[in-house]
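**Q** Input file: entry_36.cif. Contents: mmCIF, N, CA and C atoms.
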data_upload
loop_
_atom_site.label_atom_id
_atom_site.label_comp_id
_atom_site.auth_asym_id
_atom_site.auth_seq_id
_atom_site.Cartn_x
_atom_site.Cartn_y
_atom_site.Cartn_z
N MET Y 1 74.11 104.66 18.95
CA MET Y 1 73.55 105.27 20.14
C MET Y 1 72.60 104.29 20.81
N GLN Y 2 72.68 104.25 22.13
CA GLN Y 2 71.80 103.38 22.90
C GLN Y 2 71.01 104.22 23.88
N LEU Y 3 70.00 103.60 24.46
CA LEU Y 3 69.14 104.31 25.40
C LEU Y 3 69.93 104.86 26.58
N LYS Y 4 70.94 104.13 27.02
CA LYS Y 4 71.72 104.57 28.18
C LYS Y 4 72.58 105.80 27.86
N ASP Y 5 72.78 106.09 26.58
CA ASP Y 5 73.60 107.23 26.18
C ASP Y 5 72.83 108.54 26.13
N LEU Y 6 71.50 108.48 26.23
CA LEU Y 6 70.69 109.70 26.13
C LEU Y 6 70.84 110.55 27.38
N ARG Y 7 71.07 111.83 27.19
CA ARG Y 7 71.21 112.79 28.29
C ARG Y 7 70.51 114.09 27.90
N PRO Y 8 70.00 114.84 28.88
CA PRO Y 8 69.45 116.16 28.55
C PRO Y 8 70.55 117.06 28.03
N ALA Y 9 70.17 118.09 27.27
CA ALA Y 9 71.14 119.05 26.74
C ALA Y 9 71.85 119.74 27.89
N ALA Y 10 73.10 120.10 27.68
CA ALA Y 10 73.90 120.74 28.75
C ALA Y 10 73.25 122.06 29.14
N GLY Y 11 73.07 122.25 30.45
CA GLY Y 11 72.49 123.49 30.97
C GLY Y 11 70.97 123.53 30.97
N SER Y 12 70.32 122.47 30.50
CA SER Y 12 68.85 122.49 30.44
C SER Y 12 68.21 122.03 31.74
N THR Y 13 68.97 121.40 32.64
CA THR Y 13 68.40 120.96 33.91
C THR Y 13 69.19 121.54 35.07
N LYS Y 14 68.47 121.73 36.19
CA LYS Y 14 69.11 122.24 37.40
C LYS Y 14 68.75 121.32 38.56
N ASN Y 15 69.61 121.22 39.55
CA ASN Y 15 69.30 120.46 40.75
C ASN Y 15 68.28 121.22 41.58
N ARG Y 16 67.37 120.50 42.23
CA ARG Y 16 66.38 121.17 43.06
C ARG Y 16 67.01 121.61 44.36
N LYS Y 17 66.38 122.61 45.01
CA LYS Y 17 66.86 123.08 46.31
C LYS Y 17 66.52 122.04 47.36
N ARG Y 18 67.51 121.60 48.13
CA ARG Y 18 67.24 120.67 49.22
C ARG Y 18 67.19 121.49 50.50
N ILE Y 19 65.98 121.90 50.87
CA ILE Y 19 65.76 122.80 51.99
C ILE Y 19 65.98 122.07 53.31
N GLY Y 20 66.66 122.72 54.25
CA GLY Y 20 66.82 122.18 55.60
C GLY Y 20 67.71 120.97 55.68
N ARG Y 21 68.76 120.91 54.86
CA ARG Y 21 69.66 119.76 54.86
C ARG Y 21 71.09 120.19 55.23
N GLY Y 22 71.18 121.09 56.19
CA GLY Y 22 72.51 121.49 56.69
C GLY Y 22 72.99 122.79 56.06
N ASN Y 23 73.89 123.47 56.80
CA ASN Y 23 74.37 124.77 56.35
C ASN Y 23 75.21 124.69 55.08
N SER Y 24 75.88 123.59 54.86
CA SER Y 24 76.71 123.50 53.66
C SER Y 24 75.88 123.48 52.39
N SER Y 25 74.55 123.17 52.51
CA SER Y 25 73.70 123.17 51.33
C SER Y 25 73.33 124.59 50.91
N GLY Y 26 73.54 125.55 51.81
CA GLY Y 26 73.13 126.93 51.52
C GLY Y 26 71.70 127.20 51.94
N HIS Y 27 70.99 126.16 52.38
CA HIS Y 27 69.59 126.33 52.83
C HIS Y 27 69.39 125.63 54.16
N GLY Y 28 70.34 125.77 55.06
CA GLY Y 28 70.24 125.13 56.37
C GLY Y 28 69.67 126.10 57.39
N THR Y 29 69.84 125.79 58.67
CA THR Y 29 69.42 126.59 59.83
C THR Y 29 67.96 126.99 59.74
N TYR Y 30 67.64 128.09 59.05
CA TYR Y 30 66.24 128.54 59.01
C TYR Y 30 65.52 128.06 57.74
N ALA Y 31 66.20 127.34 56.90
CA ALA Y 31 65.61 126.73 55.70
C ALA Y 31 64.92 127.74 54.81
N GLY Y 32 65.48 128.92 54.70
CA GLY Y 32 64.94 129.94 53.80
C GLY Y 32 63.70 130.61 54.31
N ARG Y 33 63.30 130.38 55.59
CA ARG Y 33 62.07 130.94 56.13
C ARG Y 33 62.30 132.21 56.94
N GLY Y 34 63.54 132.59 57.18
CA GLY Y 34 63.79 133.74 58.04
C GLY Y 34 63.72 133.32 59.50
N LEU Y 35 63.77 134.32 60.42
CA LEU Y 35 63.86 134.00 61.84
C LEU Y 35 62.50 133.81 62.50
N ASN Y 36 61.69 134.86 62.51
CA ASN Y 36 60.43 134.80 63.25
C ASN Y 36 59.24 135.08 62.35
N GLY Y 37 58.09 134.99 62.93
CA GLY Y 37 56.88 135.35 62.23
C GLY Y 37 56.04 134.14 61.85
N GLN Y 38 54.83 134.46 61.38
CA GLN Y 38 53.85 133.41 61.07
C GLN Y 38 54.37 132.44 60.01
N LEU Y 39 55.05 132.95 59.01
CA LEU Y 39 55.48 132.09 57.91
C LEU Y 39 56.68 131.22 58.26
N SER Y 40 57.36 131.52 59.36
CA SER Y 40 58.49 130.70 59.75
C SER Y 40 58.05 129.48 60.55
N ARG Y 41 56.80 129.47 61.00
CA ARG Y 41 56.31 128.38 61.86
C ARG Y 41 55.78 127.21 61.02
N SER Y 42 55.77 126.07 61.65
CA SER Y 42 55.18 124.91 61.02
C SER Y 42 53.68 125.14 60.88
N GLY Y 43 53.13 124.93 59.69
CA GLY Y 43 51.70 125.14 59.46
C GLY Y 43 51.36 126.61 59.39
N GLY Y 44 52.36 127.47 59.29
CA GLY Y 44 52.11 128.92 59.26
C GLY Y 44 51.54 129.37 57.94
N GLY Y 45 51.06 130.58 57.91
CA GLY Y 45 50.46 131.15 56.70
C GLY Y 45 48.95 131.13 56.79
N LYS Y 46 48.34 131.79 55.85
CA LYS Y 46 46.88 131.90 55.82
C LYS Y 46 46.31 130.91 54.81
N GLY Y 47 45.11 130.49 55.05
CA GLY Y 47 44.48 129.50 54.18
C GLY Y 47 44.00 130.10 52.89
N LYS Y 48 43.58 129.24 51.98
CA LYS Y 48 43.01 129.68 50.71
C LYS Y 48 41.78 130.53 50.96
N GLY Y 49 41.66 131.63 50.26
CA GLY Y 49 40.47 132.46 50.37
C GLY Y 49 40.47 133.37 51.58
N PHE Y 50 41.56 133.43 52.35
CA PHE Y 50 41.61 134.32 53.51
C PHE Y 50 41.70 135.76 53.04
N GLU Y 51 40.87 136.63 53.62
CA GLU Y 51 40.79 138.02 53.17
C GLU Y 51 41.11 138.98 54.29
N GLY Y 52 42.11 138.67 55.09
CA GLY Y 52 42.54 139.60 56.13
C GLY Y 52 41.55 139.72 57.27
N GLY Y 53 40.78 138.71 57.52
CA GLY Y 53 39.80 138.77 58.61
C GLY Y 53 38.42 139.16 58.13
N GLN Y 54 38.34 139.78 56.97
CA GLN Y 54 37.03 140.09 56.37
C GLN Y 54 36.33 138.79 56.01
N GLN Y 55 35.00 138.82 56.05
CA GLN Y 55 34.23 137.61 55.69
C GLN Y 55 34.57 137.20 54.26
N PRO Y 56 35.05 135.98 54.04
CA PRO Y 56 35.47 135.58 52.69
C PRO Y 56 34.31 135.57 51.71
N LEU Y 57 34.66 135.77 50.44
CA LEU Y 57 33.66 135.86 49.38
C LEU Y 57 32.78 134.61 49.33
N ALA Y 58 33.40 133.43 49.49
CA ALA Y 58 32.64 132.19 49.40
C ALA Y 58 31.59 132.09 50.50
N MET Y 59 31.81 132.78 51.62
CA MET Y 59 30.83 132.75 52.71
C MET Y 59 29.82 133.89 52.58
N ARG Y 60 30.20 134.96 51.86
CA ARG Y 60 29.28 136.09 51.68
C ARG Y 60 28.20 135.79 50.66
N LEU Y 61 28.55 134.98 49.65
CA LEU Y 61 27.57 134.71 48.59
C LEU Y 61 26.50 133.74 49.08
N PRO Y 62 25.27 133.90 48.60
CA PRO Y 62 24.21 132.98 49.01
C PRO Y 62 24.41 131.61 48.37
N LYS Y 63 23.87 130.60 49.00
CA LYS Y 63 23.94 129.26 48.46
C LYS Y 63 23.00 129.16 47.26
N LEU Y 64 23.33 128.31 46.30
CA LEU Y 64 22.46 128.15 45.14
C LEU Y 64 21.22 127.36 45.54
N PRO Y 65 20.04 127.82 45.13
CA PRO Y 65 18.81 127.12 45.49
C PRO Y 65 18.59 125.90 44.61
N GLY Y 66 17.71 125.05 45.04
CA GLY Y 66 17.25 123.95 44.20
C GLY Y 66 18.10 122.70 44.30
N PHE Y 67 17.85 121.84 43.33
CA PHE Y 67 18.44 120.50 43.32
C PHE Y 67 18.91 120.21 41.90
N ILE Y 68 20.10 119.64 41.75
CA ILE Y 68 20.62 119.28 40.43
C ILE Y 68 20.60 117.76 40.30
N ASN Y 69 19.84 117.29 39.35
CA ASN Y 69 19.77 115.86 39.10
C ASN Y 69 20.91 115.47 38.17
N HIS Y 70 21.90 114.76 38.68
CA HIS Y 70 23.06 114.40 37.89
C HIS Y 70 22.76 113.27 36.91
N ASN Y 71 21.61 112.62 37.04
CA ASN Y 71 21.24 111.53 36.14
C ASN Y 71 20.31 111.99 35.02
N ARG Y 72 20.12 113.31 34.89
CA ARG Y 72 19.23 113.86 33.88
C ARG Y 72 19.76 113.52 32.48
N VAL Y 73 18.85 113.15 31.58
CA VAL Y 73 19.21 112.84 30.21
C VAL Y 73 18.88 114.04 29.34
N GLU Y 74 19.87 114.56 28.63
CA GLU Y 74 19.67 115.69 27.71
C GLU Y 74 19.47 115.14 26.31
N TYR Y 75 18.35 115.48 25.69
CA TYR Y 75 18.06 115.04 24.34
C TYR Y 75 18.43 116.14 23.34
N ALA Y 76 18.92 115.73 22.18
CA ALA Y 76 19.17 116.68 21.10
C ALA Y 76 17.85 116.88 20.36
N PRO Y 77 17.32 118.11 20.35
CA PRO Y 77 16.02 118.33 19.71
C PRO Y 77 16.16 118.46 18.19
N VAL Y 78 15.24 117.80 17.46
CA VAL Y 78 15.20 117.91 16.00
C VAL Y 78 13.72 118.09 15.62
N ASN Y 79 13.42 119.16 14.89
CA ASN Y 79 12.04 119.42 14.49
C ASN Y 79 11.70 118.70 13.19
N VAL Y 80 10.40 118.44 12.99
CA VAL Y 80 9.97 117.72 11.79
C VAL Y 80 10.24 118.55 10.53
N ALA Y 81 10.25 119.86 10.63
CA ALA Y 81 10.54 120.72 9.48
C ALA Y 81 11.98 120.48 9.00
N ARG Y 82 12.89 120.25 9.92
CA ARG Y 82 14.29 119.98 9.57
C ARG Y 82 14.40 118.60 8.88
N LEU Y 83 13.64 117.64 9.38
CA LEU Y 83 13.64 116.31 8.75
C LEU Y 83 13.08 116.40 7.34
N ASP Y 84 12.06 117.23 7.15
CA ASP Y 84 11.44 117.40 5.85
C ASP Y 84 12.44 117.97 4.84
N GLY Y 85 13.29 118.87 5.30
CA GLY Y 85 14.27 119.48 4.41
C GLY Y 85 15.47 118.60 4.12
N LEU Y 86 15.82 117.71 5.03
CA LEU Y 86 17.05 116.92 4.89
C LEU Y 86 16.86 115.55 4.24
N PHE Y 87 15.70 114.94 4.45
CA PHE Y 87 15.51 113.55 4.01
C PHE Y 87 14.55 113.47 2.82
N ASN Y 88 14.70 112.39 2.05
CA ASN Y 88 13.83 112.14 0.90
C ASN Y 88 12.67 111.25 1.31
N ASP Y 89 11.71 111.16 0.42
CA ASP Y 89 10.53 110.35 0.68
C ASP Y 89 10.93 108.89 0.84
N GLY Y 90 10.48 108.23 1.91
CA GLY Y 90 10.76 106.82 2.15
C GLY Y 90 12.05 106.55 2.92
N ASP Y 91 12.78 107.59 3.31
CA ASP Y 91 14.04 107.40 4.06
C ASP Y 91 13.76 106.98 5.50
N THR Y 92 14.78 106.39 6.11
CA THR Y 92 14.73 106.03 7.53
C THR Y 92 15.56 107.04 8.31
N VAL Y 93 14.96 107.62 9.33
CA VAL Y 93 15.65 108.61 10.17
C VAL Y 93 16.07 107.92 11.46
N ASP Y 94 17.39 107.76 11.63
CA ASP Y 94 17.92 107.23 12.88
C ASP Y 94 19.19 108.00 13.23
N ALA Y 95 19.86 107.58 14.31
CA ALA Y 95 21.02 108.33 14.79
C ALA Y 95 22.13 108.39 13.73
N GLU Y 96 22.39 107.25 13.03
CA GLU Y 96 23.45 107.24 12.01
C GLU Y 96 23.14 108.21 10.88
N ALA Y 97 21.87 108.24 10.46
CA ALA Y 97 21.48 109.13 9.37
C ALA Y 97 21.60 110.59 9.80
N LEU Y 98 21.25 110.88 11.04
CA LEU Y 98 21.34 112.26 11.53
C LEU Y 98 22.79 112.71 11.65
N VAL Y 99 23.69 111.79 12.04
CA VAL Y 99 25.12 112.12 12.09
C VAL Y 99 25.64 112.37 10.68
N ALA Y 100 25.23 111.53 9.73
CA ALA Y 100 25.68 111.68 8.35
C ALA Y 100 25.23 113.01 7.75
N LYS Y 101 24.04 113.49 8.14
CA LYS Y 101 23.53 114.76 7.63
C LYS Y 101 24.06 115.96 8.42
N GLY Y 102 24.77 115.70 9.53
CA GLY Y 102 25.35 116.79 10.31
C GLY Y 102 24.39 117.43 11.30
N VAL Y 103 23.29 116.74 11.61
CA VAL Y 103 22.31 117.29 12.56
C VAL Y 103 22.81 117.14 13.99
N ILE Y 104 23.38 115.97 14.31
CA ILE Y 104 23.97 115.74 15.62
C ILE Y 104 25.43 115.31 15.42
N LYS Y 105 26.23 115.42 16.48
CA LYS Y 105 27.66 115.15 16.35
C LYS Y 105 28.00 113.67 16.48
N HIS Y 106 27.31 112.95 17.37
CA HIS Y 106 27.67 111.57 17.64
C HIS Y 106 26.42 110.69 17.66
N GLU Y 107 26.60 109.41 17.37
CA GLU Y 107 25.47 108.48 17.33
C GLU Y 107 24.90 108.18 18.71
N TYR Y 108 25.72 108.33 19.75
CA TYR Y 108 25.25 107.96 21.09
C TYR Y 108 24.45 109.08 21.77
N ILE Y 109 24.30 110.23 21.14
CA ILE Y 109 23.50 111.32 21.71
C ILE Y 109 22.03 110.97 21.55
N PRO Y 110 21.24 110.98 22.66
CA PRO Y 110 19.81 110.70 22.53
C PRO Y 110 19.10 111.81 21.75
N VAL Y 111 18.17 111.43 20.88
CA VAL Y 111 17.50 112.39 20.01
C VAL Y 111 16.00 112.38 20.30
N LYS Y 112 15.41 113.60 20.30
CA LYS Y 112 13.95 113.71 20.43
C LYS Y 112 13.44 114.52 19.26
N VAL Y 113 12.46 113.98 18.56
CA VAL Y 113 11.86 114.70 17.43
C VAL Y 113 10.69 115.51 17.96
N LEU Y 114 10.69 116.80 17.63
CA LEU Y 114 9.65 117.72 18.07
C LEU Y 114 8.77 118.11 16.88
N GLY Y 115 7.58 118.63 17.17
CA GLY Y 115 6.57 118.84 16.12
C GLY Y 115 6.52 120.22 15.51
N ASP Y 116 7.59 121.00 15.53
CA ASP Y 116 7.56 122.34 14.95
C ASP Y 116 7.75 122.25 13.44
N GLY Y 117 6.86 122.87 12.69
CA GLY Y 117 6.95 122.87 11.23
C GLY Y 117 6.03 121.85 10.61
N GLU Y 118 6.14 121.73 9.28
CA GLU Y 118 5.30 120.82 8.52
C GLU Y 118 6.14 119.68 7.94
N LEU Y 119 5.51 118.53 7.78
CA LEU Y 119 6.17 117.37 7.20
C LEU Y 119 5.34 116.88 6.03
N THR Y 120 5.97 116.77 4.85
CA THR Y 120 5.25 116.35 3.65
C THR Y 120 5.74 115.01 3.13
N LYS Y 121 6.81 114.47 3.71
CA LYS Y 121 7.42 113.25 3.20
C LYS Y 121 7.13 112.07 4.11
N LYS Y 122 7.07 110.89 3.50
CA LYS Y 122 6.81 109.67 4.25
C LYS Y 122 8.15 109.17 4.81
N LEU Y 123 8.33 109.23 6.12
CA LEU Y 123 9.59 108.86 6.76
C LEU Y 123 9.36 107.79 7.81
N THR Y 124 10.35 106.93 7.99
CA THR Y 124 10.35 105.99 9.11
C THR Y 124 11.33 106.55 10.14
N VAL Y 125 10.81 106.89 11.31
CA VAL Y 125 11.61 107.56 12.34
C VAL Y 125 11.94 106.57 13.45
N LYS Y 126 13.25 106.32 13.66
CA LYS Y 126 13.72 105.43 14.72
C LYS Y 126 14.65 106.21 15.62
N VAL Y 127 14.09 106.94 16.57
CA VAL Y 127 14.89 107.73 17.51
C VAL Y 127 14.46 107.40 18.94
N ASP Y 128 15.11 108.06 19.92
CA ASP Y 128 14.86 107.74 21.32
C ASP Y 128 13.49 108.21 21.80
N LYS Y 129 13.10 109.44 21.39
CA LYS Y 129 11.80 109.96 21.82
C LYS Y 129 11.18 110.77 20.70
N VAL Y 130 9.84 110.80 20.68
CA VAL Y 130 9.10 111.60 19.72
C VAL Y 130 7.95 112.25 20.46
N SER Y 131 7.77 113.56 20.27
CA SER Y 131 6.66 114.24 20.94
C SER Y 131 5.35 113.82 20.28
N ALA Y 132 4.25 114.05 21.00
CA ALA Y 132 2.94 113.62 20.50
C ALA Y 132 2.59 114.35 19.21
N SER Y 133 2.88 115.65 19.14
CA SER Y 133 2.54 116.42 17.93
C SER Y 133 3.40 115.97 16.75
N ALA Y 134 4.68 115.64 17.00
CA ALA Y 134 5.55 115.16 15.93
C ALA Y 134 5.07 113.80 15.43
N GLN Y 135 4.67 112.94 16.35
CA GLN Y 135 4.19 111.61 15.95
C GLN Y 135 2.94 111.74 15.09
N ALA Y 136 2.04 112.67 15.46
CA ALA Y 136 0.82 112.87 14.69
C ALA Y 136 1.15 113.36 13.28
N LYS Y 137 2.12 114.27 13.15
CA LYS Y 137 2.48 114.81 11.83
C LYS Y 137 3.18 113.74 10.97
N ILE Y 138 4.03 112.92 11.60
CA ILE Y 138 4.73 111.87 10.85
C ILE Y 138 3.72 110.85 10.33
N GLU Y 139 2.77 110.44 11.16
CA GLU Y 139 1.79 109.45 10.76
C GLU Y 139 0.80 110.03 9.76
N ALA Y 140 0.50 111.35 9.88
CA ALA Y 140 -0.41 111.99 8.92
C ALA Y 140 0.22 112.06 7.54
N ALA Y 141 1.56 112.15 7.47
CA ALA Y 141 2.26 112.20 6.19
C ALA Y 141 2.48 110.80 5.61
N GLY Y 142 2.06 109.75 6.34
CA GLY Y 142 2.18 108.39 5.84
C GLY Y 142 3.38 107.65 6.38
N GLY Y 143 4.12 108.27 7.25
CA GLY Y 143 5.29 107.62 7.83
C GLY Y 143 4.94 106.84 9.08
N LYS Y 144 5.99 106.29 9.73
CA LYS Y 144 5.73 105.59 10.98
C LYS Y 144 6.86 105.86 11.96
N VAL Y 145 6.53 105.70 13.25
CA VAL Y 145 7.47 105.98 14.33
C VAL Y 145 7.80 104.68 15.03
N GLU Y 146 9.10 104.38 15.16
CA GLU Y 146 9.55 103.21 15.90
C GLU Y 146 10.47 103.70 16.98
N GLN Y 147 10.10 103.48 18.24
CA GLN Y 147 10.94 103.92 19.37
C GLN Y 147 12.16 103.01 19.46
N ALA Y 148 13.35 103.58 19.42
CA ALA Y 148 14.58 102.80 19.57
C ALA Y 148 14.77 102.45 21.04
N CYS Y 149 15.24 101.24 21.31
CA CYS Y 149 15.45 100.82 22.69
C CYS Y 149 16.86 101.15 23.12
#
Represent the structure contained in this file as C-alpha cells.
**A**
Amino acid sequence: MQLKDLRPAAGSTKNRKRIGRGNSSGHGTYAGRGLNGQLSRSGGGKGKGFEGGQQPLAMRLPKLPGFINHNRVEYAPVNVARLDGLFNDGDTVDAEALVAKGVIKHEYIPVKVLGDGELTKKLTVKVDKVSASAQAKIEAAGGKVEQAC
C-alpha cells in the first residue's frame, strides 16, 4: 500500500452543494433562497443580537465601571504557618521546593510569603515577595529572607 492508494471509506464523504452554478446543478436560478423577501437579497437578514427592533441586551446592560490592568502580576500566597508545617529546620524555601511539596503548580508562578501563623523553624526563604510581618517572623525564628530576582 502506498500513500496514493489511501481513500476515505465508501459513503463517508459527500460533495458540497455548489450554490448558484446553473440549473443543472439543482441549485441554480434562485440559489436556494426563494423568490422575494429580505433573505433573498444580497446582504439580507438581521445582524447578530437583533431582537426584532427591541433594544438589544448588549445595549440595555450598563457598561462595566473601572479599569482593568492587563499587566497586573498575581502572586500565589503562602503563609508562614504552611511553611512551618511543610519544611524542616534549615531548609531552603524556593519555587522548586514549593512545587515539590505541592504548594504551587509551576515554578514560574510568582510567590509571596504572608505572615499568618507562627514559624518555629530556621528557614532560608528565596521567593519573589515577602510581607513585612512574614519577614519579621522568619528573622525572629533565625532564618533569613533573600529576594529572588
**Q** Could you tell me which residues the PyMOL selection byres ((chain Y and resi 139-147) around 7) grabs in this file, written as a PyMOL selection string?
**A** chain Y and resi 119-129+134-138+148-149
**Q** Which residues are close to Thr29 (chain Y), i.e. within 6 Å by only N, CA and C atoms, leaving aside same-chain residues fewer than 5 positions away? Reply as a PDB file with N, CA and C atoms, keeping the file's coordinate frame.
**A**
ATOM      1  N   GLY Y  20      66.660 122.720  54.250  1.00  0.00           N
ATOM      2  CA  GLY Y  20      66.820 122.180  55.600  1.00  0.00           C
ATOM      3  C   GLY Y  20      67.710 120.970  55.680  1.00  0.00           C
ATOM      4  N   GLY Y  22      71.180 121.090  56.190  1.00  0.00           N
ATOM      5  CA  GLY Y  22      72.510 121.490  56.690  1.00  0.00           C
ATOM      6  C   GLY Y  22      72.990 122.790  56.060  1.00  0.00           C
ATOM      7  N   ASN Y  23      73.890 123.470  56.800  1.00  0.00           N
ATOM      8  CA  ASN Y  23      74.370 124.770  56.350  1.00  0.00           C
ATOM      9  C   ASN Y  23      75.210 124.690  55.080  1.00  0.00           C
TER      10      ASN Y  23
END
**Q** Go through region 20-145 of chain Y and collect every residue that DSSP, computed from the backbone, puts in alpha helix (DSSP H); the answer should be as number ranges by chain.
**A** Y: 57-60, 80-86, 95-100, 132-140
**Q** Quick one: pick out all strand (DSSP E) residues within chain Y from a backbone DSSP run and write them as a PyMOL selection string.
**A** chain Y and resi 76-79+92-93+111-114+124-125+129-130+144-145
**Q** Report, in Å with one decimal, the straight-line distance from CA of Lys112 (chain Y) to CA of Asn79 (chain Y).
**A**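 So the two atoms, CA of Lys112 (chain Y) and CA of Asn79 (chain Y), lie 8.5 Å apart.
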**Q** Using all atoms listed in the file, can you tell me which of Y:Glu96, Y:Ala76, Y:Arg41, Y:Ala9 comes closest to Leu114 (chain Y)?
**A**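 That would be Y:Ala76, the residue with the smallest distance to Leu114 (chain Y).
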**Q** Return as a PyMOL selection string the set of residues that the PyMOL selection byres (((chain Y and resi 84 and name CA) around 8) and name CA) yields on the displayed structure.
**A** chain Y and resi 80-83+85-88+118-121
**Q** Those selected residues, please, written with N, CA and C atoms and delivered as a PDB file, keeping the file's coordinate frame.
**A**
ATOM      1  N   VAL Y  80      10.400 118.440  12.990  1.00  0.00           N
ATOM      2  CA  VAL Y  80       9.970 117.720  11.790  1.00  0.00           C
ATOM      3  C   VAL Y  80      10.240 118.550  10.530  1.00  0.00           C
ATOM      4  N   ALA Y  81      10.250 119.860  10.630  1.00  0.00           N
ATOM      5  CA  ALA Y  81      10.540 120.720   9.480  1.00  0.00           C
ATOM      6  C   ALA Y  81      11.980 120.480   9.000  1.00  0.00           C
ATOM      7  N   ARG Y  82      12.890 120.250   9.920  1.00  0.00           N
ATOM      8  CA  ARG Y  82      14.290 119.980   9.570  1.00  0.00           C
ATOM      9  C   ARG Y  82      14.400 118.600   8.880  1.00  0.00           C
ATOM     10  N   LEU Y  83      13.640 117.640   9.380  1.00  0.00           N
ATOM     11  CA  LEU Y  83      13.640 116.310   8.750  1.00  0.00           C
ATOM     12  C   LEU Y  83      13.080 116.400   7.340  1.00  0.00           C
ATOM     13  N   GLY Y  85      13.290 118.870   5.300  1.00  0.00           N
ATOM     14  CA  GLY Y  85      14.270 119.480   4.410  1.00  0.00           C
ATOM     15  C   GLY Y  85      15.470 118.600   4.120  1.00  0.00           C
ATOM     16  N   LEU Y  86      15.820 117.710   5.030  1.00  0.00           N
ATOM     17  CA  LEU Y  86      17.050 116.920   4.890  1.00  0.00           C
ATOM     18  C   LEU Y  86      16.860 115.550   4.240  1.00  0.00           C
ATOM     19  N   PHE Y  87      15.700 114.940   4.450  1.00  0.00           N
ATOM     20  CA  PHE Y  87      15.510 113.550   4.010  1.00  0.00           C
ATOM     21  C   PHE Y  87      14.550 113.470   2.820  1.00  0.00           C
ATOM     22  N   ASN Y  88      14.700 112.390   2.050  1.00  0.00           N
ATOM     23  CA  ASN Y  88      13.830 112.140   0.900  1.00  0.00           C
ATOM     24  C   ASN Y  88      12.670 111.250   1.310  1.00  0.00           C
ATOM     25  N   GLU Y 118       6.140 121.730   9.280  1.00  0.00           N
ATOM     26  CA  GLU Y 118       5.300 120.820   8.520  1.00  0.00           C
ATOM     27  C   GLU Y 118       6.140 119.680   7.940  1.00  0.00           C
ATOM     28  N   LEU Y 119       5.510 118.530   7.780  1.00  0.00           N
ATOM     29  CA  LEU Y 119       6.170 117.370   7.200  1.00  0.00           C
ATOM     30  C   LEU Y 119       5.340 116.880   6.030  1.00  0.00           C
ATOM     31  N   THR Y 120       5.970 116.770   4.850  1.00  0.00           N
ATOM     32  CA  THR Y 120       5.250 116.350   3.650  1.00  0.00           C
ATOM     33  C   THR Y 120       5.740 115.010   3.130  1.00  0.00           C
ATOM     34  N   LYS Y 121       6.810 114.470   3.710  1.00  0.00           N
ATOM     35  CA  LYS Y 121       7.420 113.250   3.200  1.00  0.00           C
ATOM     36  C   LYS Y 121       7.130 112.070   4.110  1.00  0.00           C
TER      37      LYS Y 121
END
**Q** For the atom pair CA of Ser133 (chain Y) and CA of Val78 (chain Y), what is the interatomic distance in Å to one decimal place?
**A** 12.9 Å
**Q** What is the distance, in Å and to one decimal place, between atom N of Pro65 (chain Y) and CA of Gly47 (chain Y)?
**A** 26.1 Å
**Q** Please, what is the axis-aligned box for every listed atom of region 82-89 of chain Y with 8 Å on each side, as centre and edge lengths in Å to one decimal, as AutoDock Vina command-line options?
**A**
--center_x 13.8 --center_y 114.6 --center_z 5.2 --size_x 22.5 --size_y 27.4 --size_z 25.5
